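Let me begin by presenting the structure, written as structure tokens, before commenting on it.
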6 protein chains.
Amino acid sequence: MTVPRIPFEYGPSDKTDWNIDGIVAELRELRTRSLQARQRSGRPVKLPSRKVLTTIIEQLSTALFPNRLGSRELAPESVDYFVGHTLDTTLGVLSEEVLRELLFVAGPEDSIDEHQKKAIEITREFASRLPRIRALLETDIQAAFEGDPAARSLDEILACYPGITAVTHHRLAHELYSLGVPLVARIMAEIAHSTTGIDIHPGAKISGSFFIDHGTGVVIGETAVIGQRVRLYQAVTLGAKRFPTDENGALIKGGARHPIVEDDVVAYAGATILGRITIGKGSVIGGNVWVTRSVPPGSNITQARARNDEHDGGSGI
Amino acid sequence: MTVPRIPFEYGPSDKTDWNIDGIVAELRELRTRSLQARQRSGRPVKLPSRKVLTTIIEQLSTALFPNRLGSRELAPESVDYFVGHTLDTTLGVLSEEVLRELLFVAGPEDSIDEHQKKAIEITREFASRLPRIRALLETDIQAAFEGDPAARSLDEILACYPGITAVTHHRLAHELYSLGVPLVARIMAEIAHSTTGIDIHPGAKISGSFFIDHGTGVVIGETAVIGQRVRLYQAVTLGAKRFPTDENGALIKGGARHPIVEDDVVAYAGATILGRITIGKGSVIGGNVWVTRSVPPGSNITQARARNDEHDGGSGI
Amino acid sequence: MTVPRIPFEYGPSDKTDWNIDGIVAELRELRTRSLQARQRSGRPVKLPSRKVLTTIIEQLSTALFPNRLGSRELAPESVDYFVGHTLDTTLGVLSEEVLRELLFVAGPEDSIDEHQKKAIEITREFASRLPRIRALLETDIQAAFEGDPAARSLDEILACYPGITAVTHHRLAHELYSLGVPLVARIMAEIAHSTTGIDIHPGAKISGSFFIDHGTGVVIGETAVIGQRVRLYQAVTLGAKRFPTDENGALIKGGARHPIVEDDVVAYAGATILGRITIGKGSVIGGNVWVTRSVPPGSNITQARARNDEHDGGSGI
Amino acid sequence: MTVPRIPFEYGPSDKTDWNIDGIVAELRELRTRSLQARQRSGRPVKLPSRKVLTTIIEQLSTALFPNRLGSRELAPESVDYFVGHTLDTTLGVLSEEVLRELLFVAGPEDSIDEHQKKAIEITREFASRLPRIRALLETDIQAAFEGDPAARSLDEILACYPGITAVTHHRLAHELYSLGVPLVARIMAEIAHSTTGIDIHPGAKISGSFFIDHGTGVVIGETAVIGQRVRLYQAVTLGAKRFPTDENGALIKGGARHPIVEDDVVAYAGATILGRITIGKGSVIGGNVWVTRSVPPGSNITQARARNDEHDGGSGI
Amino acid sequence: MTVPRIPFEYGPSDKTDWNIDGIVAELRELRTRSLQARQRSGRPVKLPSRKVLTTIIEQLSTALFPNRLGSRELAPESVDYFVGHTLDTTLGVLSEEVLRELLFVAGPEDSIDEHQKKAIEITREFASRLPRIRALLETDIQAAFEGDPAARSLDEILACYPGITAVTHHRLAHELYSLGVPLVARIMAEIAHSTTGIDIHPGAKISGSFFIDHGTGVVIGETAVIGQRVRLYQAVTLGAKRFPTDENGALIKGGARHPIVEDDVVAYAGATILGRITIGKGSVIGGNVWVTRSVPPGSNITQARARNDEHDGGSGI
Amino acid sequence: MTVPRIPFEYGPSDKTDWNIDGIVAELRELRTRSLQARQRSGRPVKLPSRKVLTTIIEQLSTALFPNRLGSRELAPESVDYFVGHTLDTTLGVLSEEVLRELLFVAGPEDSIDEHQKKAIEITREFASRLPRIRALLETDIQAAFEGDPAARSLDEILACYPGITAVTHHRLAHELYSLGVPLVARIMAEIAHSTTGIDIHPGAKISGSFFIDHGTGVVIGETAVIGQRVRLYQAVTLGAKRFPTDENGALIKGGARHPIVEDDVVAYAGATILGRITIGKGSVIGGNVWVTRSVPPGSNITQARARNDEHDGGSGI
């Protein structure tokens with residue numbers, strides 16, 4: 001039996017308050033100081049919203065693959081109505097997020113009208129690229145099917161595989177990155193990161209038939225370039241080796257600093273590939289390997305041997 | 001103050017449309033071509049739904065552990081009503097998802113009635129195994145308690161530990177995999193993967209008292225076999241070493257290709273164990289180790305030593 | 001066209017039931033036995049709720065950073081009203097979760113009133129520390145900006161970076177851990193773990209300007225101590241080396257068993273640092289390295305070299 | 001301050017249960033007896049759902065008037081996508097409710113397939129009449145504009161006037177009534193009744209340019225017939241005078257028993273018009289009048305005079 | 001196309017605030033004065049919640065009629081689980097609302113424990129009466145079927161008829177009124193009033209086989225007594241004639257002041273019956289009639305005739 | 001048991017489509033013609049939204065009476081934060097609805113900036129009147145308490161009485177009507193009408209201490225004027241007698257056409273008072289009475305006698 005709970009007015013007698021007034025005042029003071037430090041006081045422009053962008057990605061995905069990801073009651077007669085309606089609502093919302101990023105980086109003297117027009121142009125151009133994105137994703141799905149012995153059909157790959165989720169987010173985000181709204185793109189990438197454990201910077205250039213299996217812990221950096229038919233397993237890093245700093249020790253931002261991975265490369269679980277090096281066409285990078293220099297086409301890189309301490313002088317495995 | 005926003009009819013004057021008609025047409029063309037390529041035109045059968053299966057798993061979990069995971073206002077007098085009601089609604093919905101998978105793989109000439117009956121049988125058999133699943137999970141919870149010095153009580157383990165979440169999903173999914181609905185099972189596994197970073201293929205056979213600590217990045221393959229009282233840490237892989245291909249270079253699907261891990265084995269963070277090898281009873285596999293051959297019972301495998309370049313004049317990274 | 005689906009009363013004729021009565025009875029039997037085993041029969045006290053704590057963390061985050069994380073329509077005039085209102089509703093709910101933990105560990109003869117008063121005191125003390133937490137988080141955001149060449153502004157870091165999400169959860173959870181409600185704290189930590197793949201035990205002591213990049217697979221143990229300006233990359237583990245057991249083989253719970261990481265240390269992706277060792281000030285730990293002994297300040301630890309089997313006739317993987 | 005509430009396990013000591021087992025048993029007994037009495041045991045077919053039909057009506061209304069009732073962000077370019085998508089989803093759901101009614105009245109030996117086909121035919125025919133319904137509703141809106149001095153524009157009438165809401169429901173429900181699903185139609189009518197206080201039986205035949213002002217308490221019976229340009233005010237009843245019974249005293253169901261109201265009639269607030277009588281073209285029925293006989297065209301019916309008791313010595317109320 | 005809307009920070013330049021601080025202060029002043037006037041300062045106890053009670057009524061209705069009002073997927077095997085689970089959750093919540101009313105009227109020195117026990121007792125007694133309420137409602141449904149020529153089956157009456165909705169609310173509310181929580185009861189009655197336009201005070205005593213047709217505008221007062229098989233039409237009032245006042249002109253609250261309506265009475269639309277009078281068994285009260293004195297059994301009361309001014313040269317309205 | 005339902009792809013074989021393309025085309029044609037007829041083509045400006053205004057009213061009500069209508073967990077310490085936060089969010093949203101009405105009536109050549117400024121001014125002025133509205137509502141609550149013998153406390157009146165709900169809506173809507181946004185005001189009034197059955201045009205001028213009991217069917221017209229301490233019962237109409245038309249027979253809109261009701265008048269259930277007449281101070285209008293001429297102060301108007309036909313030549317009641 002659920003006993004009625006006593007309303008709080010009748011709680012313990014020594015009630016005092018949470019001192020909300022005091023905490024509110026302290027937090028206000030911190031906010032004010034922080035805004036001044038960044039010289040943004042008077043301009044508390046809001047950022048694009050992660051929540052809104054999550055919905056946008058979901059909607060765009062159903063527009064790209066309505067039979068697989070859209071409503072299960074969708075009938076053939078009405079697929080186009082569904083796609084058109086979904087695009088219209090989604091693109092309108094996307095254009096607002098794009099506008100927010102443009103205004104966020106704008107100077108106070110900028111023309112608002114100009115930014116609004118630019119947000120429309122970016123969104124329209126992005127929309128025109130959606131069919132191309134779908135065509136690329138079909139090659140990725142095919143690659144997953146061919147690369148995983150556990151896959152039974154093309155259809156289930158779209159439903160199950162986190163690698164496909166991550167690449168879908170990436171291919172959408174990458175176009176927005178290219179069109180000049182890197183923050184919107186980055187938030188989209190982080191949405192996939194949170195869901196899949198796969199962290200692909202939207203700046204990375206990735207060709208078709210790309211497959212990431214399992215995927216947790218994969219990191220692909222901003223200036224990475226990936227060829228056709230590349231396959232990565234979980235926890236592979238395509239990272240930067242070191243970050244150049246200026247004379248004051250501050251990071252020099254931008255600049256190519258991540259690997260070029262040529263066509264048909266496979267990198268096994270935990271491989272760490274760092275710096276602006278080139279992994280030659282068709283190379284295989286073994287699991288848990290640490291690579292910081294270019295390797296020629298057709299290389300086969302593996303880890304040093306492990307020891308079996310129990311057997312002491314044993315010859316390893 | 002929130003200023004009223006101008007409705008869009010009064011926006012910039014050079015408005016043009018998103019060209020939705022054009023994009024809809026291009027996407028339709030791609031869909032048609034894709035359906036033809038897969039010879040599925042005329043059969044846009046929907047897959048089981050990840051969203052629906054997420055709810056099913058949550059509901060089954062509360063039916064298994066109503067006092068810990070069910071409504072907090074649940075009184076002893078009514079636990080059975082709660083469990084019975086939850087099972088009834090959940091099993092009905094599950095049987096629909098099972099039917100979807102059966103129809104998805106069916107040929108067009110198949111009897112629908114037959115599939116509907118089979119969906120009911122599978123679901124009923126699955127339901128009858130729920131008590132056994134709960135009994136197994138209790139051994140897992142006990143193992144977590146005994147294996148983690150930070151654990152204070154059995155109760156908190158169910159509430160907090162991602163390893164327990166992943167194993168709960170696995171034990172439910174594995175029964176469905178065994179009963180002939182591997183896609184439903186796989187989607188359930190991916191739900192856990194997304195939440196916990198632990199990727200257990202529903203085909204894996206896992207005995208009782210199984211504990212995964214931290215868990216992010218763990219991968220356990222389809223044909224893996226795991227004994228009693230095994231303990232894995234984050235980023236351990238029980239994977240396949242290579243994928244056999246037929247004369248055309250296409251993957252040969254199926255076939256035992258993942259490790260057998262015998263009773264009482266411990267594998268530390270980042271250990272990678274690949275291929276149909278056997279890790280002998282009671283072995284300890286050290287962190288970050290790469291193992292591709294069987295090891296006898298009682299082995300203790302560790303990584304080759306790291307170097308401190310600072311101290312021995314190494315060239316750094 | 002969506003054809004009307006036939007209601008179930010008209011389904012296949014051989015319908016039988018799911019045998020719900022039987023399953024309910026079996027599960028009841030298991031529950032009873034389990035409660036008796038733990039000597040908790042008669043006390044099915046509910047745990048703090050993960051769902052409720054998820055909302056609490058979100059609300060506290062918007063109270064700390066209302067301009068960045070709060071409603072986008074928030075006007076300067078009303079920020080304080082928003083913060084005050086959010087704190088009031090959130091602290092009230094938090095105090096209930098705190099009370100649940102206190103009652104959960106209490107003996108049956110304890111005074112309820114006493115626990116209720118203590119829950120209020122803990123919550124009030126926690127609330128008073130919120131401004132300090134925000135101040136610390138500002139140093140973390142600054143560190144992220146300085147540590148990542150891809151970061152364009154301080155503002156986007158709060159919106160995008162999973163490392164910041166994880167540290168925000170940690171700094172809130174750690175205060176609750178210190179105030180005597182470790183289970184509430186642990187659940188908060190697991191919420192971040194699920195979202196970011198970063199697993200920080202709420203007991204860990206972490207100084208300011210802390211930055212985790214990418215983050216998936218990072219594990220930081222309960223008794224770890226981290227200095228100023230430390231930077232970790234994905235899959236770094238600060239773990240325990242071995243767990244001492246008593247004469248019966250049971251774990252001895254508690255006790256310092258995780259590393260001390262001094263100021264200005266950097267640990268690259270996949271580094272595994274285990275045991276109560278000290279990583280000296282300013283050291284750099286290379287990727288995929290396994291460290292189980294203390295290293296002096298200024299060390300530079302790297303992995304043994306990998307081999308290119310293709311070039312030296314190796315047998316491949 | 002919100003004090004934490006004590007969970008129920010710690011409530012008053014004399015807790016006993018609600019005796020749920022006993023109440024459940026008594027209610028089961030009543031259900032069983034009731035089903036037997038109606039000879040429906042074994043056929044607990046569910047009725048069409050009021051909740052579902054509420055959504056259907058809302059959706060159909062936005063499909064008929066997308067610019068006024070649809071999403072406010074709807075752009076001209078995409079209105080057709082919106083309308084087509086809305087129709088598709090709504091008609092599919094409607095066909096299920098239609099099927100439920102058909103099965104509800106069916107005998108147990110009926111062919112299910114036959115009913116499913118009939119549900120589709122009814123829904124398709126209904127769909128084809130939607131444009132005609134919209135055309136009729138436009139005449140009603142125009143009539144409201146012309147009949148109410150407070151109306152400022154055609155557009156606001158659709159947004160505000162309960163009479164228009166009721167007539168929209170009626171015109172949709174009436175077509176379904178005519179197509180053979182009177183229960184679905186009746187539930188739709190009751191939805192309007194609950195919202196507007198206007199109770200129009202779906203069987204009533206109502207011509208164009210119909211206007212009900214204020215409307216609360218209006219009742220229009222099943223066999224009423226209403227001509228062009230009729231105007232009714234609140235609390236007007238077009239009802240049955242008496243109900244004929246058979247030799248056993250049971251009601252004889254069906255049969256014309258409500259008024260015929262010819263073109264251009266106005267009935268003021270509270271007028272009660274009963275029986276199969278005819279109100280001649282252009283008549284005016286005054287407020288609070290009770291009419292049980294036909295009146296010729298052009299009549300002007302008013303109430304007997306009231307008295308001012310204060311002035312003629314009346315005794316008050 | 002949906003154009004992106006400009007965020008408010010870039011709105012018109014002469015923005016000023018809403019003066020929220022000022023309005024908040026004025027409203028605080030009014031609240032304080034009002035609390036003092038009612039001598040309730042320091043006791044802002046919350047009332048029972050209309051929203052919560054709305055859910056309670058809906059839940060209790062599905063528990064009483066699970067096949068008609070419960071989930072459409074409910075299978076015979078699990079009806080009892082559904083009913084038991086629904087009762088448990090609903091009674092727990094109801095007992096909290098009951099406690100709120102008890103505390104609201106309590107003096108500050110009252111024992112809280114006492115009230116909590118009483119809330120439990122009231123709720124338990126109420127629960128035990130639910131089967132009796134269902135039995136009574138079945139007679140009401142039968143009466144509706146027999147009284148309305150448009151009714152086709154018993155089942156649709158529960159789904160459609162506002163009179164049944166109102167009587168269901170009343171029969172539940174009346175028991176709570178009798179058990180000493182008139183405010184909870186009154187709020188339940190007002191929920192029905194809002195939905196159906198039928199206003200039955202929970203104090204009214206109503207025997208079985210009661211039927212209200214159409215119902216909008218019906219008012220039944222607190223001390224009304226209604227016999228078996230009574231039938232009312234829309235806008236019937238069973239009200240008080242005058243309210244006695246004490247020597248200071250203040251209303252004397254309580255006291256029988258509404259009609260006694262004996263068995264088998266019918267009152268047609270708009271009849272107004274006022275004061276503690278008796279309408280004798282089997283009487284028929286005509287539409288729009290005003291009755292303020294008792295009438296003997298078998299009476300047939302009708303309105304004075306209306307005039308047709310058109311025909312007798314009347315002056316119109 | 002819930003049998004899995006067959007997905008629609010496997011439904012009856014003679015499936016054809018709903019002919020959505022055809023219906024969409026017909027509806028488009030109707031829309032186009034309708035827009036042209038109203039010369040609004042190219043200007044499909046959306047109206048203020050009923051749904052949004054429903055939320056606004058609810059929020060403003062909780063800001064006016066936070067202890068009675070706000071969250072039940074609201075603590076004294078934080079009432080002002082709640083009120084301030086609620087006002088800020090609500091006023092911002094309200095200003096958008098106000099802007100929509102201004103743009104809706106604007107000519108195409110109007111300055112948008114001008115309207116935006118005006119929307120802000122109207123909203124700010126409205127906000128400044130909120131304390132006055134609350135003060136008036138307190139007099140209404142007091143009047144309800146004094147006028148209804150069934151009322152037990154001031155507090156329950158706010159929670160239960162539909163008359164208070166209607167008057168709250170009216171007092172808010174009336175200020176917006178006066179400030180030049182009659183459509184927003186009208187929609188607010190219709191929200192109350194739908195909930196309570198009480199239809200008060202927002203133009204009506206109503207003094208303090210106003211009480212409507214029961215209320216269903218009450219209608220108060222646009223130009224009505226109501227004095228202090230007036231009391232109305234259900235179904236009272238304060239309406240227009242006739243609508244003047246111009247030489248073309250079109251209604252002349254605007255102009256005083258509803259009654260003036262002086263202080264201390266009571267009108268009983270069903271009284272119909274029509275035209276620009278004056279009901280003198282302190283008059284009592286009996287139930288069901290039809291009044292179309294002014295009555296002097298202190299009048300007592302009652303209905304003509306009813307007849308008892310059963311008793312034939314009986315003397316009536």
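Residues are referred to by chain and number: the chain letter is A, B, ... according to the order shown in the structure tokens, the number counts from 1 in that chain, and ligands are numbered separately from 1 in the order shown.
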| Contact set, chain A to chain E: 6 Å, only C-alpha atoms, as a list of chain:residue names | A:Thr2, A:Pro4, A:Gly92, A:Ser95, A:Glu96
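Taking only C-alpha atoms, the non-local environment of Val225 (chain D) within 9 Å (same-chain residues fewer than 6 positions away omitted) comprises Ala204, Lys205, Ile206, Ser207, His258, Pro259, Ile260, Val261 and Glu262 of chain D.
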| Contacts of Val291 (chain F) at 7 Å (only C-alpha atoms; same-chain gap of 3+ positions) as an NGL selection string | :F and (272-274)
| task | Name the residues of region 197-309 of chain C that come out as strand (DSSP E) in a backbone DSSP run; write them as a ChimeraX atom specification. | result | /C:199-200,205-206,211-212,219-220,225-226,231-232,237-239,260-261,266-267,272-274,278-279,284-285,290-291,300-302,307-308
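Separating CA of Leu102 (chain F) from CA of Tyr81 (chain D) is a distance of 29.1 Å.
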| What's the 12 Å shell around Arg134 (chain C), counting only C-alpha atoms, without same-chain residues fewer than 2 positions away, as JSON, numbers by chain? | {"A": [23, 26, 27, 28, 29, 30, 31, 34], "C": [60, 61, 62, 63, 64, 65, 66, 127, 128, 129, 130, 131, 132, 136, 137, 138, 139, 140, 141, 164, 167, 168, 169, 171, 172, 208]}
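Note that the spacing between CA of Gln234 (chain B) and CA of Arg242 (chain C) amounts to 15.3 Å.
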| Quick one: DSSP helix (DSSP H, G or I) residues in region 111-312 of chain B, as a count of residues only? | 78
| said: Which residues are near region 146-154 of chain E? Cut-off 12 Å, only C-alpha atoms, ignore same chain within fewer than 6 positions. Put them as a VMD selection string. | reply: (chain D and resid 34 to 35 37 to 40 47 101 104 to 105 181 to 183 186 201 to 204 221 to 223 239 to 240 242 to 245 249 to 258) or (chain E and resid 68 137 to 140 160 to 161 163 to 164 209 to 214 229 to 233 264 266)
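Our summary of the geometry notes that CA of Glu77 (chain B) is positioned 19.8 Å from CA of Gln59 (chain B).
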| Near Thr196 (chain A), counting only C-alpha atoms, which residues have an atom at most 8 Å away, once you skip same-chain residues fewer than 2 positions from it, shown as a list in words? | Pro162, Gly163, Thr165, Ala166, Ala192, His193, Ser194, Ile198, Gly215 and Thr216 of chain A; His193, Ser194 and Gly197 of chain B
